[in-house]
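S.K.: Just one file: model-v6.txt, with compact mmCIF, C-alpha atoms.
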# COMPACT_ATOMS: atom_id res chain seq x y z
CA MET A 1 0.00 0.00 0.00
CA PRO A 2 1.55 3.38 -1.03
CA ASP A 3 2.31 5.69 1.90
CA ASP A 4 -0.03 8.44 0.68
CA VAL A 5 -2.93 5.98 0.28
CA LYS A 6 -2.18 4.53 3.71
CA THR A 7 -2.18 8.00 5.30
CA ASN A 8 -5.51 8.89 3.67
CA ASN A 9 -7.04 5.59 4.81
CA ILE A 10 -5.83 6.10 8.37
CA ASP A 11 -7.20 9.64 8.59
CA ALA A 12 -10.54 8.57 7.13
CA LEU A 13 -10.69 5.48 9.31
CA LYS A 14 -9.94 7.38 12.51
CA ASP A 15 -12.66 9.88 11.67
CA LEU A 16 -15.21 7.10 11.07
CA ILE A 17 -14.18 5.29 14.25
CA GLN A 18 -14.73 8.45 16.25
CA LYS A 19 -18.23 8.73 14.76
CA ARG A 20 -18.83 5.00 15.43
CA ASP A 21 -20.08 4.58 11.85
CA ASP A 22 -19.92 0.77 11.60
CA VAL A 23 -21.17 0.55 8.01
CA ALA A 24 -18.69 3.14 6.74
CA VAL A 25 -15.78 1.52 8.60
CA ILE A 26 -16.55 -1.86 7.02
CA GLY A 27 -16.95 -0.18 3.64
CA LEU A 28 -13.49 1.36 3.97
CA VAL A 29 -11.61 -1.77 5.05
CA ALA A 30 -13.57 -4.30 2.98
CA SER A 31 -11.65 -3.48 -0.20
CA LEU A 32 -8.25 -3.85 1.50
CA HIS A 33 -6.08 -6.94 1.65
CA PRO A 34 -5.78 -8.40 5.18
CA SER A 35 -2.07 -7.46 5.27
CA ASP A 36 -2.99 -3.85 4.46
CA ILE A 37 -5.61 -3.86 7.20
CA ALA A 38 -2.91 -5.11 9.59
CA LYS A 39 -0.66 -2.22 8.51
CA LEU A 40 -3.47 0.23 9.25
CA PHE A 41 -3.76 -1.32 12.71
CA SER A 42 -0.16 -0.34 13.45
CA SER A 43 -1.25 3.33 13.30
CA LEU A 44 -4.36 2.92 15.46
CA GLU A 45 -4.73 3.13 19.21
CA GLU A 46 -5.53 -0.08 21.08
CA GLU A 47 -9.24 0.72 21.50
CA GLU A 48 -9.50 1.61 17.81
CA LYS A 49 -7.94 -1.69 16.75
CA ILE A 50 -10.36 -3.65 18.92
CA TYR A 51 -13.34 -1.72 17.57
CA VAL A 52 -12.42 -2.29 13.89
CA PHE A 53 -11.48 -5.94 14.47
CA GLY A 54 -14.86 -6.57 16.07
CA LEU A 55 -16.60 -5.43 12.87
CA LEU A 56 -14.70 -7.77 10.52
CA ASP A 57 -16.34 -10.94 9.26
CA PRO A 58 -14.68 -14.17 10.54
CA GLU A 59 -12.83 -14.96 7.30
CA VAL A 60 -11.21 -11.52 7.06
CA ALA A 61 -10.60 -11.40 10.81
CA SER A 62 -8.78 -14.75 10.67
CA ASN A 63 -6.39 -13.42 8.01
CA VAL A 64 -5.84 -10.12 9.80
CA LEU A 65 -5.10 -11.95 13.03
CA LEU A 66 -2.27 -13.80 11.27
CA GLU A 67 -0.77 -10.60 9.85
CA VAL A 68 -0.53 -8.46 13.01
CA ASP A 69 2.37 -8.68 15.47
CA ASP A 70 2.22 -10.93 18.53
CA PRO A 71 1.31 -8.29 21.17
CA THR A 72 -1.52 -6.95 18.97
CA ARG A 73 -2.77 -10.48 18.30
CA GLU A 74 -2.90 -11.19 22.03
CA LYS A 75 -4.93 -8.03 22.69
CA LEU A 76 -7.34 -8.70 19.82
CA ILE A 77 -7.93 -12.28 20.97
CA ALA A 78 -8.52 -11.08 24.52
CA SER A 79 -11.09 -8.58 23.26
CA ILE A 80 -13.47 -11.13 21.71
CA SER A 81 -15.59 -13.91 23.15
CA LYS A 82 -14.64 -17.58 22.98
CA ALA A 83 -17.46 -18.14 20.52
CA GLU A 84 -16.14 -15.41 18.21
CA LEU A 85 -12.60 -16.74 18.49
CA THR A 86 -13.80 -20.25 17.66
CA GLU A 87 -15.55 -18.94 14.56
CA ILE A 88 -12.40 -17.10 13.46
CA VAL A 89 -10.08 -20.06 14.08
CA ASP A 90 -12.46 -22.31 12.15
CA GLU A 91 -11.69 -20.22 9.03
CA MET A 92 -7.93 -20.81 9.29
CA ALA A 93 -5.77 -23.47 7.69
CA THR A 94 -4.63 -26.12 10.17
CA ASP A 95 -1.07 -24.75 10.45
CA ASP A 96 -2.31 -21.23 11.21
CA ALA A 97 -4.99 -22.49 13.60
CA THR A 98 -2.32 -24.48 15.42
CA ASP A 99 -0.12 -21.39 15.86
CA VAL A 100 -3.00 -19.38 17.34
CA ILE A 101 -4.31 -22.16 19.62
CA ALA A 102 -0.80 -22.92 20.89
CA GLU A 103 -0.62 -19.40 22.36
CA LEU A 104 -3.96 -19.66 24.21
CA PRO A 105 -4.41 -20.61 27.88
CA HIS A 106 -5.21 -24.32 28.29
CA GLU A 107 -8.91 -23.94 29.07
CA GLU A 108 -9.49 -21.43 26.26
CA ALA A 109 -7.60 -23.64 23.79
CA LYS A 110 -9.72 -26.61 24.84
CA THR A 111 -12.92 -24.63 24.27
CA VAL A 112 -11.84 -23.53 20.80
CA LEU A 113 -10.78 -27.05 19.82
CA GLU A 114 -14.17 -28.35 20.92
CA GLY A 115 -15.98 -25.64 18.95
CA ILE A 116 -14.30 -25.89 15.54
CA ASP A 117 -15.00 -28.56 12.92
CA TRP A 118 -14.16 -31.95 14.44
CA LYS A 119 -11.92 -32.98 11.55
CA GLU A 120 -9.92 -29.76 11.76
CA SER A 121 -9.79 -30.10 15.54
CA ALA A 122 -8.30 -33.58 15.23
CA GLU A 123 -5.68 -32.36 12.74
CA VAL A 124 -4.78 -29.35 14.90
CA GLN A 125 -4.34 -31.56 17.96
CA LYS A 126 -1.92 -33.72 15.96
CA LEU A 127 0.06 -30.66 14.86
CA LEU A 128 0.24 -29.32 18.42
CA LYS A 129 2.39 -32.32 19.33
CA TYR A 130 5.22 -31.22 17.03
CA PRO A 131 7.82 -28.61 18.08
CA GLU A 132 6.96 -25.27 16.49
CA ASP A 133 10.38 -24.93 14.82
CA THR A 134 10.17 -28.23 12.90
CA ALA A 135 8.56 -29.27 9.61
CA GLY A 136 5.71 -30.79 11.62
CA GLY A 137 5.19 -27.51 13.43
CA ILE A 138 4.82 -25.43 10.26
CA MET A 139 3.09 -27.90 7.94
CA GLN A 140 -0.61 -27.91 7.06
CA THR A 141 -2.64 -31.07 6.63
CA GLU A 142 -4.90 -29.66 3.88
CA MET A 143 -3.66 -31.10 0.58
CA VAL A 144 -4.75 -33.04 -2.48
CA MET A 145 -3.80 -36.69 -2.06
CA ILE A 146 -4.61 -39.39 -4.63
CA LYS A 147 -4.02 -43.14 -4.90
CA GLU A 148 -1.44 -44.28 -7.43
CA ASP A 149 -3.98 -46.34 -9.38
CA ALA A 150 -6.14 -43.27 -10.17
CA THR A 151 -6.40 -41.76 -13.64
CA VAL A 152 -5.63 -38.20 -14.66
CA GLN A 153 -9.34 -37.39 -14.93
CA GLU A 154 -10.05 -38.77 -11.44
CA THR A 155 -7.19 -36.69 -10.10
CA ILE A 156 -8.47 -33.52 -11.77
CA ASP A 157 -11.92 -34.19 -10.30
CA GLU A 158 -10.33 -34.49 -6.85
CA VAL A 159 -8.48 -31.20 -7.33
CA ARG A 160 -11.73 -29.45 -8.28
CA LYS A 161 -13.49 -30.98 -5.30
CA LYS A 162 -10.82 -29.79 -2.85
CA SER A 163 -10.11 -26.40 -4.46
CA GLU A 164 -12.76 -24.53 -2.45
CA GLU A 165 -11.36 -25.58 0.92
CA ILE A 166 -7.65 -25.77 0.04
CA PRO A 167 -5.85 -22.60 -1.15
CA ASN A 168 -2.66 -22.61 -3.22
CA ILE A 169 -2.82 -26.07 -4.77
CA HIS A 170 0.49 -26.44 -6.62
CA CYS A 171 0.72 -30.19 -6.98
CA VAL A 172 -0.98 -33.48 -6.20
CA PHE A 173 0.62 -36.00 -3.83
CA VAL A 174 0.43 -39.63 -4.94
CA VAL A 175 0.26 -42.32 -2.24
CA ASP A 176 -0.10 -46.10 -2.01
CA ASP A 177 -2.74 -48.02 -0.06
CA ASP A 178 -0.87 -47.32 3.22
CA THR A 179 -0.75 -43.55 2.46
CA LYS A 180 2.99 -43.76 1.89
CA LEU A 181 4.24 -41.06 -0.47
CA VAL A 182 5.26 -42.50 -3.84
CA GLY A 183 5.45 -39.33 -5.93
CA THR A 184 4.12 -35.89 -6.85
CA VAL A 185 2.47 -34.43 -9.94
CA PRO A 186 2.67 -30.67 -10.66
CA LEU A 187 -0.67 -29.08 -11.49
CA GLU A 188 0.47 -27.80 -14.89
CA LYS A 189 1.57 -31.30 -15.91
CA LEU A 190 -1.75 -32.74 -14.76
CA ILE A 191 -3.79 -30.24 -16.78
CA LEU A 192 -1.92 -31.01 -20.02
CA ALA A 193 -2.08 -34.81 -19.69
CA LYS A 194 -4.63 -37.05 -21.42
CA PRO A 195 -7.58 -37.88 -19.11
CA HIS A 196 -7.32 -41.68 -19.40
CA LEU A 197 -3.63 -41.93 -18.41
CA PRO A 198 -2.81 -43.47 -15.00
CA ILE A 199 -1.46 -40.86 -12.61
CA LYS A 200 1.56 -43.00 -11.75
CA ASP A 201 2.81 -42.52 -15.34
CA LEU A 202 3.03 -38.77 -14.74
CA MET A 203 4.34 -38.62 -11.20
CA ASN A 204 7.86 -37.76 -10.14
CA SER A 205 8.88 -40.60 -7.84
CA LYS A 206 12.04 -38.76 -6.75
CA SER A 207 10.38 -35.53 -5.65
CA VAL A 208 11.80 -33.45 -2.82
CA LYS A 209 10.35 -34.25 0.62
CA VAL A 210 11.17 -33.55 4.26
CA GLY A 211 10.84 -35.53 7.47
CA VAL A 212 8.40 -34.33 10.08
CA ASP A 213 11.24 -33.63 12.56
CA THR A 214 13.34 -31.58 10.12
CA ASP A 215 14.33 -28.19 11.54
CA GLN A 216 12.50 -25.28 9.92
CA GLU A 217 15.80 -23.65 8.88
CA GLU A 218 16.73 -26.81 7.00
CA VAL A 219 13.29 -26.79 5.37
CA ALA A 220 13.92 -23.22 4.16
CA ARG A 221 17.30 -24.28 2.74
CA ILE A 222 15.64 -27.14 0.85
CA PHE A 223 13.12 -24.74 -0.71
CA GLN A 224 15.95 -22.43 -1.73
CA LYS A 225 18.18 -25.22 -3.06
CA TYR A 226 15.54 -26.95 -5.19
CA ASP A 227 13.42 -23.88 -6.15
CA VAL A 228 10.16 -25.53 -5.10
CA VAL A 229 6.90 -23.92 -3.98
CA THR A 230 5.53 -26.83 -1.95
CA VAL A 231 7.09 -29.83 -0.24
CA PRO A 232 5.43 -32.95 1.23
CA VAL A 233 6.11 -33.88 4.86
CA VAL A 234 6.51 -37.56 5.77
CA ASP A 235 7.10 -39.56 8.93
CA GLY A 236 9.78 -42.20 9.51
CA SER A 237 7.87 -44.80 7.51
CA GLU A 238 7.33 -42.43 4.56
CA LYS A 239 3.64 -41.90 5.33
CA LEU A 240 2.36 -38.57 4.01
CA LEU A 241 1.43 -36.24 6.87
CA GLY A 242 1.06 -32.83 5.28
CA ARG A 243 2.65 -30.16 3.11
CA ILE A 244 4.66 -26.99 3.53
CA THR A 245 4.11 -24.13 1.09
CA ILE A 246 6.37 -21.27 0.08
CA ASP A 247 4.39 -18.72 2.13
CA ASP A 248 5.14 -20.72 5.28
CA VAL A 249 8.83 -20.79 4.38
CA MET A 250 8.94 -17.03 3.77
CA ASP A 251 7.60 -16.57 7.30
CA VAL A 252 10.34 -18.88 8.61
CA ILE A 253 13.08 -16.99 6.75
CA GLU A 254 11.81 -13.64 8.05
CA GLU A 255 11.55 -15.06 11.57
CA GLU A 256 15.08 -16.53 11.53
CA ILE A 257 16.70 -13.37 10.12
CA PHE A 258 14.77 -11.21 12.58
CA GLU A 259 15.73 -13.53 15.43
CA ASP A 260 19.45 -13.52 14.54
CA PHE A 261 19.59 -9.72 14.30
CA TYR A 262 17.93 -9.36 17.69
CA ARG A 263 20.11 -11.94 19.39
CA MET A 264 23.28 -10.44 17.98
CA ALA A 265 22.16 -7.16 19.55
CA SER A 266 21.28 -8.91 22.85
CA LEU A 267 17.57 -8.15 22.46
CA SER A 268 14.49 -10.22 23.19
CA THR A 269 12.76 -11.43 20.01
CA ASP A 270 9.43 -10.42 21.58
CA GLU A 271 10.17 -6.69 21.40
CA ARG A 272 8.65 -4.47 18.69
CA VAL A 273 9.39 -0.89 17.74
CA LEU A 274 5.93 0.37 18.76
CA ASP A 275 6.02 -1.28 22.20
CA SER A 276 5.55 0.90 25.25
CA ALA A 277 8.62 2.20 27.07
CA SER A 278 7.86 0.00 30.09
CA ARG A 279 7.68 -3.17 27.98
CA SER A 280 10.93 -2.36 26.16
CA PHE A 281 12.58 -1.67 29.50
CA ARG A 282 11.49 -5.05 30.91
CA LEU A 283 12.74 -6.91 27.83
CA ARG A 284 16.08 -5.13 27.52
CA PHE A 285 17.13 -4.89 31.17
CA PRO A 286 18.04 -8.58 31.69
CA TRP A 287 20.31 -8.58 28.64
CA LEU A 288 21.98 -5.35 29.70
CA LEU A 289 22.50 -6.83 33.15
CA ILE A 290 24.32 -9.78 31.57
CA ASN A 291 26.45 -7.38 29.54
CA LEU A 292 27.20 -5.43 32.71
CA ALA A 293 28.42 -8.62 34.37
CA THR A 294 30.76 -9.37 31.47
CA ALA A 295 31.97 -5.75 31.50
CA PHE A 296 33.04 -6.23 35.12
CA VAL A 297 35.10 -9.23 34.01
CA ALA A 298 37.02 -6.92 31.66
CA ALA A 299 37.24 -4.28 34.38
CA SER A 300 38.78 -6.80 36.77
CA VAL A 301 41.62 -7.31 34.28
CA VAL A 302 42.27 -3.57 34.26
CA LYS A 303 42.22 -3.60 38.07
CA VAL A 304 45.00 -6.19 38.12
CA PHE A 305 47.23 -3.80 36.18
CA GLU A 306 46.31 -0.74 38.23
CA ASN A 307 49.93 -0.10 39.25
CA THR A 308 51.09 -0.33 35.65
CA ILE A 309 48.55 2.31 34.58
CA GLN A 310 49.56 4.56 37.47
CA ALA A 311 53.20 4.29 36.38
CA VAL A 312 52.39 5.17 32.76
CA VAL A 313 49.12 7.11 32.71
CA THR A 314 49.22 7.43 28.91
CA LEU A 315 48.33 3.74 28.69
CA ALA A 316 44.77 4.58 29.76
CA VAL A 317 44.34 6.68 26.62
CA PHE A 318 45.09 3.80 24.23
CA MET A 319 43.44 0.87 26.02
CA PRO A 320 39.98 1.43 24.47
CA ILE A 321 41.52 1.46 20.97
CA VAL A 322 42.83 -2.09 21.30
CA ALA A 323 39.63 -3.41 22.88
CA GLY A 324 37.41 -1.56 20.40
CA MET A 325 39.31 -2.80 17.35
CA GLY A 326 39.07 -6.34 18.69
CA GLY A 327 35.30 -5.99 19.13
CA ASN A 328 34.87 -4.68 15.57
CA ALA A 329 37.00 -7.45 14.10
CA ALA A 330 35.10 -10.07 16.10
CA THR A 331 31.77 -8.72 14.81
CA GLN A 332 33.03 -9.11 11.24
CA THR A 333 34.07 -12.70 11.90
CA ILE A 334 30.85 -13.57 13.71
CA THR A 335 28.70 -12.14 10.93
CA VAL A 336 30.42 -14.24 8.27
CA VAL A 337 30.47 -17.42 10.37
CA VAL A 338 26.88 -17.14 11.64
CA ARG A 339 25.63 -16.44 8.11
CA GLY A 340 27.47 -19.50 6.82
CA LEU A 341 26.00 -21.67 9.56
CA ALA A 342 22.50 -20.27 9.03
CA LEU A 343 22.53 -20.89 5.27
CA GLY A 344 24.04 -24.36 5.58
CA GLU A 345 27.20 -23.27 3.72
CA LEU A 346 29.34 -24.03 6.76
CA GLU A 347 29.46 -27.36 8.58
CA LEU A 348 31.37 -28.46 11.67
CA LYS A 349 33.83 -30.45 9.54
CA TYR A 350 35.10 -27.15 8.08
CA ALA A 351 35.72 -25.61 11.51
CA LYS A 352 39.51 -26.06 11.43
CA LYS A 353 39.86 -24.58 7.94
CA VAL A 354 37.73 -21.56 8.81
CA LEU A 355 39.52 -21.09 12.15
CA VAL A 356 42.96 -21.03 10.51
CA LYS A 357 41.72 -18.58 7.86
CA GLU A 358 40.17 -16.19 10.41
CA VAL A 359 43.28 -16.28 12.64
CA ILE A 360 45.45 -15.43 9.62
CA VAL A 361 43.09 -12.60 8.64
CA GLY A 362 43.15 -11.38 12.26
CA PHE A 363 46.96 -11.42 12.32
CA ALA A 364 47.23 -9.53 9.02
CA ASN A 365 44.64 -6.93 10.00
CA GLY A 366 46.21 -6.59 13.44
CA ALA A 367 49.67 -6.01 11.97
CA LEU A 368 48.49 -3.44 9.43
CA ASN A 369 46.25 -1.56 11.85
CA GLY A 370 48.93 -1.85 14.53
CA VAL A 371 51.46 -0.08 12.28
CA VAL A 372 48.98 2.72 11.57
CA ALA A 373 48.14 3.04 15.29
CA ALA A 374 51.85 3.15 16.23
CA ILE A 375 52.56 5.88 13.68
CA VAL A 376 49.60 7.99 14.86
CA ALA A 377 50.65 7.55 18.50
CA TYR A 378 54.19 8.67 17.65
CA LEU A 379 52.88 11.73 15.79
CA MET A 380 50.88 12.56 18.92
CA GLY A 381 54.18 12.85 20.75
CA VAL A 382 53.88 9.57 22.67
CA ASN A 383 56.89 7.42 23.55
CA TYR A 384 57.66 5.16 20.57
CA MET A 385 57.62 2.14 22.91
CA ILE A 386 53.90 2.71 23.51
CA GLY A 387 53.51 2.63 19.74
CA LEU A 388 55.24 -0.75 19.77
CA LEU A 389 52.86 -1.85 22.53
CA LEU A 390 49.90 -0.82 20.40
CA PHE A 391 51.31 -2.75 17.44
CA LEU A 392 51.83 -5.98 19.39
CA ALA A 393 48.57 -5.75 21.37
CA MET A 394 46.58 -5.03 18.19
CA ILE A 395 47.95 -8.18 16.57
CA ALA A 396 47.22 -10.25 19.68
CA ASN A 397 43.66 -8.98 20.11
CA LEU A 398 42.65 -9.30 16.47
CA VAL A 399 43.95 -12.87 16.48
CA ILE A 400 41.81 -13.43 19.60
CA ALA A 401 38.88 -11.83 17.74
CA GLY A 402 39.29 -14.18 14.78
CA PHE A 403 39.69 -17.20 17.06
CA SER A 404 36.77 -16.49 19.41
CA GLY A 405 34.52 -15.18 16.62
CA THR A 406 34.91 -18.54 14.89
CA VAL A 407 35.10 -21.02 17.77
CA ILE A 408 32.24 -19.72 19.93
CA PRO A 409 29.54 -19.88 17.19
CA PHE A 410 30.72 -23.42 16.36
CA ILE A 411 30.54 -24.43 20.03
CA LEU A 412 27.02 -23.03 20.35
CA LYS A 413 26.02 -24.84 17.15
CA TRP A 414 27.49 -28.06 18.56
CA TYR A 415 25.33 -27.70 21.67
CA LYS A 416 22.20 -26.94 19.57
CA ALA A 417 22.12 -23.29 20.68
CA ASP A 418 21.67 -20.31 18.37
CA PRO A 419 25.16 -19.15 17.18
CA ALA A 420 23.89 -15.56 17.00
CA LEU A 421 23.92 -15.51 20.81
CA SER A 422 27.72 -15.32 20.66
CA ALA A 423 27.78 -11.76 19.33
CA THR A 424 27.79 -9.28 22.17
CA VAL A 425 27.85 -11.52 25.20
CA PHE A 426 30.64 -14.06 24.77
CA VAL A 427 32.89 -12.80 21.99
CA THR A 428 32.92 -9.15 23.10
CA THR A 429 33.99 -10.33 26.54
CA CYS A 430 36.85 -12.27 24.92
CA THR A 431 38.06 -9.28 22.92
CA ASP A 432 37.71 -6.84 25.86
CA VAL A 433 39.60 -9.14 28.21
CA GLY A 434 42.07 -10.08 25.48
CA GLY A 435 42.66 -6.45 24.51
CA PHE A 436 43.27 -5.23 28.06
CA LEU A 437 45.31 -8.28 29.00
CA SER A 438 47.58 -8.12 25.95
CA PHE A 439 48.10 -4.35 26.08
CA LEU A 440 48.53 -3.97 29.84
CA GLY A 441 50.34 -7.29 30.21
CA LEU A 442 52.94 -6.29 27.64
CA ALA A 443 53.17 -2.85 29.29
CA ALA A 444 53.93 -4.50 32.63
CA ILE A 445 56.69 -6.55 31.02
CA PHE A 446 58.13 -3.45 29.33
CA LEU A 447 58.11 -1.61 32.67
CA LYS A 448 59.78 -4.50 34.42
CA TYR A 449 62.70 -4.41 32.02
CA GLY A 450 62.91 -0.62 31.96
CA MET A 451 61.61 -0.26 28.40
CA LEU A 452 58.94 2.26 29.49
CA GLY A 453 59.68 5.40 31.42
In C-alpha cells, how does this file's structure come out?
M.R.:
Amino acid sequence: MPDDVKTNNIDALKDLIQKRDDVAVIGLVASLHPSDIAKLFSSLEEEEKIYVFGLLDPEVASNVLLEVDDPTREKLIASISKAELTEIVDEMATDDATDVIAELPHEEAKTVLEGIDWKESAEVQKLLKYPEDTAGGIMQTEMVMIKEDATVQETIDEVRKKSEEIPNIHCVFVVDDDTKLVGTVPLEKLILAKPHLPIKDLMNSKSVKVGVDTDQEEVARIFQKYDVVTVPVVDGSEKLLGRITIDDVMDVIEEEIFEDFYRMASLSTDERVLDSASRSFRLRFPWLLINLATAFVAASVVKVFENTIQAVVTLAVFMPIVAGMGGNAATQTITVVVRGLALGELELKYAKKVLVKEVIVGFANGALNGVVAAIVAYLMGVNYMIGLLLFLAMIANLVIAGFSGTVIPFILKWYKADPALSATVFVTTCTDVGGFLSFLGLAAIFLKYGMLG
C-alpha cells in the first residue's frame, strides 16, 4: 500500500471510528487486503484496533489476526468472546490455527478445539504435538492426495473438489494403499495430460520431501536449493502427513533473520518498535544486566594492572583502541560465520579450515592496523615504545577476535544453541579481556625491564 494511500485511509478510518459509523468503517476496510488492514492497525490506538477488528467478518478477521504482530494479536484475541474466536479459528488453515491455539491458555484452547469442525480439531491436535520450529510444526494437513492407481481425470476431479477448501494447490501427492508417499504431480503437468492416463505414469517418484522432525531452517534451505513452492512432509515410515508451502517458508526466513539480528544485539525477540517504554525496559534490562556482568570481568583485568597504569598514565588513553578494534574485528568474523552456519554453507567439519583462515586474517589486520596506530601515536608525541605496545597488542587482540569469533559460534552450534547468541555476550567479553590483558600485560613486562619510562 503506497504511503499516501495509507495515510488517507488512516485519517478517514480514525474519523469514522470516532463517529462509530460501523457501516462506513466496514466499507473502507472491505476493499483492503488483510495485510494492508494489519498495517493500518499499526497506526491505530488499542481501542480503535479492537473496535475495527470486532466489525470484521470471521474470514477476514482470521487473516488479519495472522498478519498483526504478537502483542496486537494477544490483545485482539482477549477482546473477543470464545465463541467469536472459535468462529475465526475455524476459518484458518490447520497450520495457522495451530499457531493461534498454541498461544492460548489451556482452558481457552480446549474450548476452541471443541468448537471448531471436528476434523480440523483432530488435525490441529496432531500438529500441536510437534515442536513449532520443525517441519511438523509449520506444515498444514490440507492437501490433495490421490491413490497411485487413479487416472488423470479422477485426479483432476479431486483437485476441483478440494479447491474450495484448500488454497494454493500447486501439486498433487500420490500415495499407495498405506498412504505412503510414492510421488508428486505438478498441477500444470496434470492439466496437459490425457484424461485416461494413469497418474503413476506422470508422477515424479524422486520428488523433494522432508521428514516431520526436520528443523525449519533446513526446510527453508531445501526450498531455496531446489526452487520448489511446496514440499510434502513424511514420517519415519514415509507416510504422508502434510505439506509446507512457500508462504510458510517465507515466514520462517523472516523469523530466523529477525531472530538472529535481535540476538546479535542482545535483544528479546518479543520486542517491537511500537512497544511501550515500560515493555521495552522489561525486555532489555536482563540482557543489559548480563552485559554489565561481562563488562566487570574486563574491568577486573584492568584492576589487576592498576599499578602499571599509574606508572604510565598514557596507557589509559590507548586501552579502548585495542579493545574496540578487537570488538569490531570479532563482529566481522561472527557475521560471516553465523551467516554460513544459518545458510548451511558451513558445517562443523570445516571448523579447522575456517579457524585457521580467520586467525590469519586477524593477524594480518592486526599487523596493518597496529602499524597505523603506532605511527599515529608517535605523531601525537607519545613514547615510541607505547607505539610498539599498540602494534603488538593489536595483533594479539585481532587474532583473539578471529579465534573467538569462529570457535564460539561453532561451540554453540554443537550444543544446539543459536550461534547468533555469541555476538555481544561471549565474543565481546573475549576481545575486551584479550585487549586489556595483551596491552597492559605487555606494558607491565616493558616496565619490568625498563623499556617504558
S.K.: Measure the distance from CA of Asp235 in chain A to CA of Val175 in chain A in Å and round it to one decimal.
M.R.: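 Separation between CA of Asp235 in chain A and CA of Val175 in chain A: 13.4 Å.
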S.K.: Counting all atoms listed in the file, which of A:Asn397, A:Thr184, A:Thr406, A:Gln153 gets nearest to Phe363 in chain A?
M.R.: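 Closest to Phe363 in chain A of all the choices is A:Asn397.
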S.K.: Using only C-alpha atoms, find all polymer residues with an atom at most 9 Å away from the point (-4.2, -16.1, 6.1); report them as a list in words.
M.R.: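 Counting only C-alpha atoms, I find these residues within 9 Å of (-4.2, -16.1, 6.1): Pro34, Ser35, Glu59, Val60, Ser62, Asn63, Val64, Leu65, Leu66, Glu67, Met92, Ala93 and Asp96 of chain A.
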S.K.: Between CA of Asp149 in chain A and CA of Thr230 in chain A, measure the distance and give it in Å to one decimal.
M.R.: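 Separation of CA of Asp149 in chain A and CA of Thr230 in chain A: 22.9 Å.
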S.K.: Would you be able to write out as a list in words which residues have an atom within 12 Å of (48.4, 5.8, 15.3) in the file's coordinates, counting only C-alpha atoms?
M.R.: Phe318, Ile321, Val322, Leu368, Asn369, Gly370, Val371, Val372, Ala373, Ala374, Ile375, Val376, Ala377, Tyr378, Leu379, Met380, Gly381, Val382, Asn383, Tyr384, Ile386, Gly387, Leu388, Leu389, Leu390, Phe391 and Met394 of chain A
S.K.: To one decimal place, how far is CA of Val212 in chain A from CA of Asp248 in chain A in Å?
M.R.: 14.8 Å
S.K.: Using all atoms listed in the file, pick whichever of A:Phe436, A:Asp251, A:Asp15, A:Asp57 has the shortest atom-to-atom distance to Met319 in chain A.
M.R.: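 Selected residue with least distance to Met319 in chain A: A:Phe436.
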S.K.: Restricting the calculation to only C-alpha atoms, which member of A:Arg243, A:Ser300, A:Glu120, A:Ile222 is positioned closest to Val172 in chain A?
M.R.: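 For Val172 in chain A, the nearest of the given residues is A:Arg243.
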S.K.: Calculate, to one decimal in Å, the centre and edge lengths of the box along x, y and z of the file that holds all listed atoms of range 224-242 of chain A with 8 Å of margin on each side, and present them as AutoDock Vina command-line options.
M.R.:
--center_x 9.6 --center_y -33.6 --center_z 1.7 --size_x 33.1 --size_y 38.4 --size_z 31.7
S.K.: So, counting only C-alpha atoms, which residue among A:Glu259, A:Asn328, A:Ser42, A:Ile138 is closest to Asp432 in chain A?
M.R.: A:Asn328
S.K.: Which polymer residues have any atom within 7 Å of an atom of Ala330 in chain A, counting only C-alpha atoms, with same-chain residues fewer than 6 positions away left out, as a compact mmCIF listing (two decimals) with C-alpha atoms, in the frame of the given file?
M.R.:
# COMPACT_ATOMS: atom_id res chain seq x y z
CA ALA A 401 38.88 -11.83 17.74
CA GLY A 402 39.29 -14.18 14.78
CA GLY A 405 34.52 -15.18 16.62
CA VAL A 427 32.89 -12.80 21.99
S.K.: Of the candidates A:Asp99, A:Asp133, A:Glu254, A:Asp178, which shows the shortest atom-to-atom distance to Thr214 in chain A, using only C-alpha atoms?
M.R.: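 Checking each candidate against Thr214 in chain A, we get A:Asp133 as the closest.
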S.K.: So, counting all atoms listed in the file, which residue among A:Lys82, A:His106, A:Arg279, A:Lys209 is closest to Lys239 in chain A?
M.R.: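 Among the listed residues, A:Lys209 lies closest to Lys239 in chain A.
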